[in-house]
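Data block for query31.tsv (TSV, C-alpha atoms):
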```
chain	number	residue	atom	x	y	z
A	45	MET	CA	-3.02	9.07	2.02
A	46	SER	CA	-0.43	6.88	3.64
A	47	ASN	CA	0.09	3.15	3.39
A	48	GLU	CA	1.35	2.86	6.95
A	49	THR	CA	-0.22	0.31	9.26
A	50	THR	CA	-1.72	1.86	12.38
A	51	VAL	CA	-2.70	-0.17	15.43
A	52	THR	CA	-4.37	0.34	18.77
A	53	LEU	CA	-3.01	-1.83	21.58
A	54	GLN	CA	-4.57	-2.54	24.94
A	55	GLY	CA	-2.22	-4.14	27.43
A	56	TRP	CA	0.06	-3.80	30.43
A	57	VAL	CA	3.40	-2.00	30.70
A	58	GLY	CA	5.98	-4.75	31.16
A	59	GLY	CA	8.95	-2.73	32.41
A	60	ASP	CA	10.24	0.69	33.29
A	61	VAL	CA	10.05	3.50	30.75
A	62	THR	CA	13.50	4.37	29.42
A	63	VAL	CA	14.39	7.75	27.95
A	64	ARG	CA	17.17	8.36	25.43
A	65	GLN	CA	18.34	11.18	23.22
A	66	ALA	CA	17.99	10.55	19.47
A	67	GLY	CA	19.63	13.46	17.67
A	68	ASP	CA	17.94	16.63	18.89
A	69	ALA	CA	14.81	14.80	20.10
A	70	GLN	CA	14.07	12.79	23.21
A	71	VAL	CA	12.33	9.41	22.93
A	72	ALA	CA	10.71	7.38	25.70
A	73	SER	CA	10.46	3.61	25.16
A	74	PHE	CA	8.56	0.91	26.99
A	75	ARG	CA	7.19	-2.59	26.39
A	76	VAL	CA	3.51	-3.47	26.29
A	77	GLY	CA	2.24	-7.02	26.68
A	78	ALA	CA	-1.13	-7.76	25.08
A	79	THR	CA	-2.75	-11.09	25.92
A	80	PRO	CA	-5.84	-12.00	23.92
A	81	ARG	CA	-8.69	-13.72	25.83
A	82	ARG	CA	-11.27	-15.92	24.21
A	83	PHE	CA	-14.27	-17.73	25.59
A	84	SER	CA	-14.04	-21.49	25.15
A	85	ARG	CA	-17.50	-22.98	24.59
A	86	ARG	CA	-16.01	-26.39	25.20
A	87	SER	CA	-14.83	-25.61	28.75
A	88	GLY	CA	-17.22	-22.72	29.45
A	89	GLU	CA	-14.29	-20.57	30.64
A	90	TRP	CA	-12.20	-17.67	29.43
A	91	VAL	CA	-8.82	-18.80	28.10
A	92	ASP	CA	-5.70	-16.63	27.71
A	93	GLY	CA	-3.89	-16.73	24.39
A	94	GLU	CA	-0.17	-16.18	23.90
A	95	THR	CA	1.08	-12.77	25.08
A	96	GLN	CA	2.42	-10.60	22.29
A	97	TRP	CA	5.04	-8.00	23.24
A	98	TYR	CA	5.44	-4.64	21.53
A	99	THR	CA	8.10	-1.99	21.99
A	100	VAL	CA	6.49	1.45	22.08
A	101	ASN	CA	8.48	4.58	21.20
A	102	ALA	CA	7.04	7.99	22.10
A	103	TRP	CA	8.86	11.04	20.76
A	104	ARG	CA	9.31	14.60	22.01
A	105	ALA	CA	6.49	16.04	24.20
A	106	LEU	CA	4.56	12.77	24.15
A	107	GLY	CA	7.70	10.98	25.32
A	108	ASP	CA	8.22	13.51	28.13
A	109	ASN	CA	4.63	12.99	29.31
A	110	VAL	CA	4.89	9.19	29.03
A	111	ALA	CA	8.09	9.20	31.11
A	112	ALA	CA	6.36	11.27	33.81
A	113	SER	CA	3.10	9.29	33.79
A	114	VAL	CA	3.53	5.63	32.84
A	115	ARG	CA	4.91	2.99	35.21
A	116	ARG	CA	5.60	-0.75	35.09
A	117	GLY	CA	2.34	-2.66	35.54
A	118	ASP	CA	0.06	0.17	34.35
A	119	PRO	CA	-2.81	-0.78	32.02
A	120	VAL	CA	-2.45	1.33	28.86
A	121	VAL	CA	-3.99	1.98	25.48
A	122	VAL	CA	-1.51	2.89	22.73
A	123	HIS	CA	-2.25	4.06	19.19
A	124	GLY	CA	0.43	4.51	16.55
A	125	ARG	CA	2.29	3.24	13.49
A	126	LEU	CA	3.33	-0.41	13.50
A	127	ASN	CA	6.81	-1.37	12.32
A	128	VAL	CA	7.79	-5.04	12.00
A	129	SER	CA	11.44	-6.09	11.83
A	130	THR	CA	12.79	-9.57	11.14
A	131	TRP	CA	16.44	-10.60	11.50
A	132	ILE	CA	18.63	-13.60	12.22
A	133	SER	CA	19.97	-13.75	15.77
A	134	SER	CA	23.54	-14.70	16.68
A	135	ALA	CA	22.18	-18.18	17.49
A	136	GLY	CA	20.89	-18.47	13.91
A	137	ALA	CA	17.20	-18.16	14.81
A	138	GLU	CA	14.85	-15.85	12.93
A	139	VAL	CA	13.53	-13.14	15.25
A	140	THR	CA	10.58	-10.84	14.60
A	141	SER	CA	10.00	-7.71	16.66
A	142	PHE	CA	7.04	-5.36	16.69
A	143	GLU	CA	7.55	-1.66	17.40
A	144	VAL	CA	4.88	1.01	17.62
A	145	GLU	CA	5.73	4.65	17.04
A	146	ALA	CA	3.09	6.09	19.37
A	147	THR	CA	0.73	8.84	18.36
A	148	PHE	CA	-1.39	8.55	21.53
A	149	VAL	CA	-0.76	6.86	24.90
A	150	GLY	CA	-3.14	6.76	27.83
A	151	HIS	CA	-4.10	4.76	30.87
A	152	ASP	CA	-6.85	2.17	30.29
A	153	LEU	CA	-9.63	3.67	32.41
A	154	GLY	CA	-11.61	0.44	32.16
A	155	ARG	CA	-9.08	-0.99	34.62
A	156	GLY	CA	-8.57	1.89	37.05
A	157	ARG	CA	-8.52	5.64	37.59
A	158	SER	CA	-6.08	8.28	36.45
A	159	VAL	CA	-5.61	11.97	37.21
A	160	PHE	CA	-4.86	14.29	34.32
A	161	THR	CA	-2.54	17.27	34.67
A	162	LYS	CA	-2.35	19.59	31.69
A	163	THR	CA	1.19	20.40	30.60
A	164	PRO	CA	1.54	24.20	30.61
A	165	ARG	CA	2.70	25.85	27.43
A	166	PRO	CA	5.33	28.57	27.63
A	167	VAL	CA	3.94	32.09	27.58
A	168	ALA	CA	5.07	34.14	24.60
A	169	GLU	CA	6.66	37.50	25.33
A	170	PRO	CA	4.41	40.51	24.59
A	171	GLY	CA	4.79	41.55	20.97
A	172	ALA	CA	6.22	38.15	19.98
A	173	ALA	CA	5.03	36.59	16.75
A	174	GLY	CA	1.98	34.38	17.19
A	175	GLN	CA	0.65	36.22	20.28
A	176	GLY	CA	-3.04	36.77	19.81
A	177	ALA	CA	-6.56	36.04	20.94
A	178	GLY	CA	-7.14	32.45	21.89
A	179	GLN	CA	-3.50	31.58	22.58
A	180	VAL	CA	-3.00	29.38	25.62
A	181	THR	CA	-1.08	31.28	28.26
A	182	GLY	CA	-0.70	28.73	31.04
A	183	GLN	CA	-3.27	30.43	33.30
A	184	GLY	CA	-4.80	27.07	34.14
A	185	ALA	CA	-6.23	23.92	32.69
A	186	GLY	CA	-8.70	24.77	29.97
A	187	GLN	CA	-8.30	28.53	30.24
A	188	VAL	CA	-7.49	30.59	27.21
A	189	ALA	CA	-6.16	34.15	27.32
A	190	GLY	CA	-9.02	36.50	28.06
A	191	GLN	CA	-11.49	33.68	28.84
A	192	GLY	CA	-12.46	31.92	32.04
A	193	ALA	CA	-10.26	34.01	34.36
A	194	GLU	CA	-12.16	36.47	36.53
A	195	PRO	CA	-10.46	39.21	38.54
A	196	ALA	CA	-10.31	38.41	42.27
A	197	ALA	CA	-12.72	41.26	43.12
A	198	ALA	CA	-15.38	39.89	40.77
A	199	ALA	CA	-15.10	36.42	42.30
A	200	ALA	CA	-15.98	37.65	45.84
A	201	PRO	CA	-19.70	37.47	46.76
A	202	ALA	CA	-21.53	40.79	47.09
A	203	ALA	CA	-22.33	41.84	50.69
```

Represent the structure from my file as structure tokens, please.
Amino acid sequence: MSNETTVTLQGWVGGDVTVRQAGDAQVASFRVGATPRRFSRRSGEWVDGETQWYTVNAWRALGDNVAASVRRGDPVVVHGRLNVSTWISSAGAEVTSFEVEATFVGHDLGRGRSVFTKTPRPVAEPGAAGQGAGQVTGQGAGQVAGQGAEPAAAAAPAA
């Protein structure tokens, strides 16, 4: 069991996704602004709280998919490990930043629609280690080797 703090954020992407190389891995970073809303019984209206900004880092395949899918202004849901850093700026002010190392990132479908495209996995060469029943072969979304793919002749209606 880990003592790491995990969070789930719901907010809006505040800028372009940037991609950088960190050693042998690629990481995509973007900012998410989350603004809490509360109902004020006094005024009878919804009131926005102060926007909190988080830097989100998505590594490797998740980062590749984020870079290809997420744009400035998109509503997103992010789940991951929270890291908090505090330091003194050059102006002498204490600064606190919140970073999330993302485990999952997705569009907030409560605010719009999204189209999912499955990322194909590379096909292993015949006889390569790990080749076996049930291995994804890139035949199509949701298809597994030997399942769901009918020969063209079988797909044609009988006359």

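The two atoms in question, CA of Phe142 in chain A and CA of Asp92 in chain A, are spaced 20.3 Å apart.
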
- Query: Hey, can you check how far CA of Val128 in chain A sits from CA of Ala146 in chain A?
  - Reply: 14.2 Å

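Atom pair CA of Ser158 in chain A / CA of Ser113 in chain A: separated by 9.6 Å.
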
To test the calculation: enclose all listed atoms of range 107-120 of chain A in a box whose edges run along x, y and z, add 6 Å on each side, then state centre and edge lengths in Å to one decimal, as lines of an AutoDock Vina configuration file.
```
center_x = 2.7
center_y = 5.4
center_z = 30.4
size_x = 23.0
size_y = 28.2
size_z = 22.2
```

- Task: Using all atoms listed in the file, determine which residues lie at most 12 Å from range 52-68 of chain A, disregarding the query and same-chain residues fewer than 6 positions distant; provide the list as a PyMOL selection string.
- Result: chain A and resi 74-81+95-104+106-126+142-155

Write out, as a short mmCIF file (atom, residue, chain, number, x, y, z; two decimals), in the frame of the given file, the residues just selected, with C-alpha atoms.
```cif
data_model
loop_
_atom_site.label_atom_id
_atom_site.label_comp_id
_atom_site.auth_asym_id
_atom_site.auth_seq_id
_atom_site.Cartn_x
_atom_site.Cartn_y
_atom_site.Cartn_z
CA PHE A 74 8.56 0.91 26.99
CA ARG A 75 7.19 -2.59 26.39
CA VAL A 76 3.51 -3.47 26.29
CA GLY A 77 2.24 -7.02 26.68
CA ALA A 78 -1.13 -7.76 25.08
CA THR A 79 -2.75 -11.09 25.92
CA PRO A 80 -5.84 -12.00 23.92
CA ARG A 81 -8.69 -13.72 25.83
CA THR A 95 1.08 -12.77 25.08
CA GLN A 96 2.42 -10.60 22.29
CA TRP A 97 5.04 -8.00 23.24
CA TYR A 98 5.44 -4.64 21.53
CA THR A 99 8.10 -1.99 21.99
CA VAL A 100 6.49 1.45 22.08
CA ASN A 101 8.48 4.58 21.20
CA ALA A 102 7.04 7.99 22.10
CA TRP A 103 8.86 11.04 20.76
CA ARG A 104 9.31 14.60 22.01
CA LEU A 106 4.56 12.77 24.15
CA GLY A 107 7.70 10.98 25.32
CA ASP A 108 8.22 13.51 28.13
CA ASN A 109 4.63 12.99 29.31
CA VAL A 110 4.89 9.19 29.03
CA ALA A 111 8.09 9.20 31.11
CA ALA A 112 6.36 11.27 33.81
CA SER A 113 3.10 9.29 33.79
CA VAL A 114 3.53 5.63 32.84
CA ARG A 115 4.91 2.99 35.21
CA ARG A 116 5.60 -0.75 35.09
CA GLY A 117 2.34 -2.66 35.54
CA ASP A 118 0.06 0.17 34.35
CA PRO A 119 -2.81 -0.78 32.02
CA VAL A 120 -2.45 1.33 28.86
CA VAL A 121 -3.99 1.98 25.48
CA VAL A 122 -1.51 2.89 22.73
CA HIS A 123 -2.25 4.06 19.19
CA GLY A 124 0.43 4.51 16.55
CA ARG A 125 2.29 3.24 13.49
CA LEU A 126 3.33 -0.41 13.50
CA PHE A 142 7.04 -5.36 16.69
CA GLU A 143 7.55 -1.66 17.40
CA VAL A 144 4.88 1.01 17.62
CA GLU A 145 5.73 4.65 17.04
CA ALA A 146 3.09 6.09 19.37
CA THR A 147 0.73 8.84 18.36
CA PHE A 148 -1.39 8.55 21.53
CA VAL A 149 -0.76 6.86 24.90
CA GLY A 150 -3.14 6.76 27.83
CA HIS A 151 -4.10 4.76 30.87
CA ASP A 152 -6.85 2.17 30.29
CA LEU A 153 -9.63 3.67 32.41
CA GLY A 154 -11.61 0.44 32.16
CA ARG A 155 -9.08 -0.99 34.62
#
```

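Comparing the minimum interatomic distances between Pro164 in chain A and each of A:Val91, A:Ile132, A:Val139, A:Ala105, counting only C-alpha atoms, we find that A:Ala105 sits nearest.
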
- Item | Counting all atoms listed in the file, the option among A:Val167, A:Ala137, A:Glu94, A:Thr161 closest to Arg82 in chain A | A:Glu94
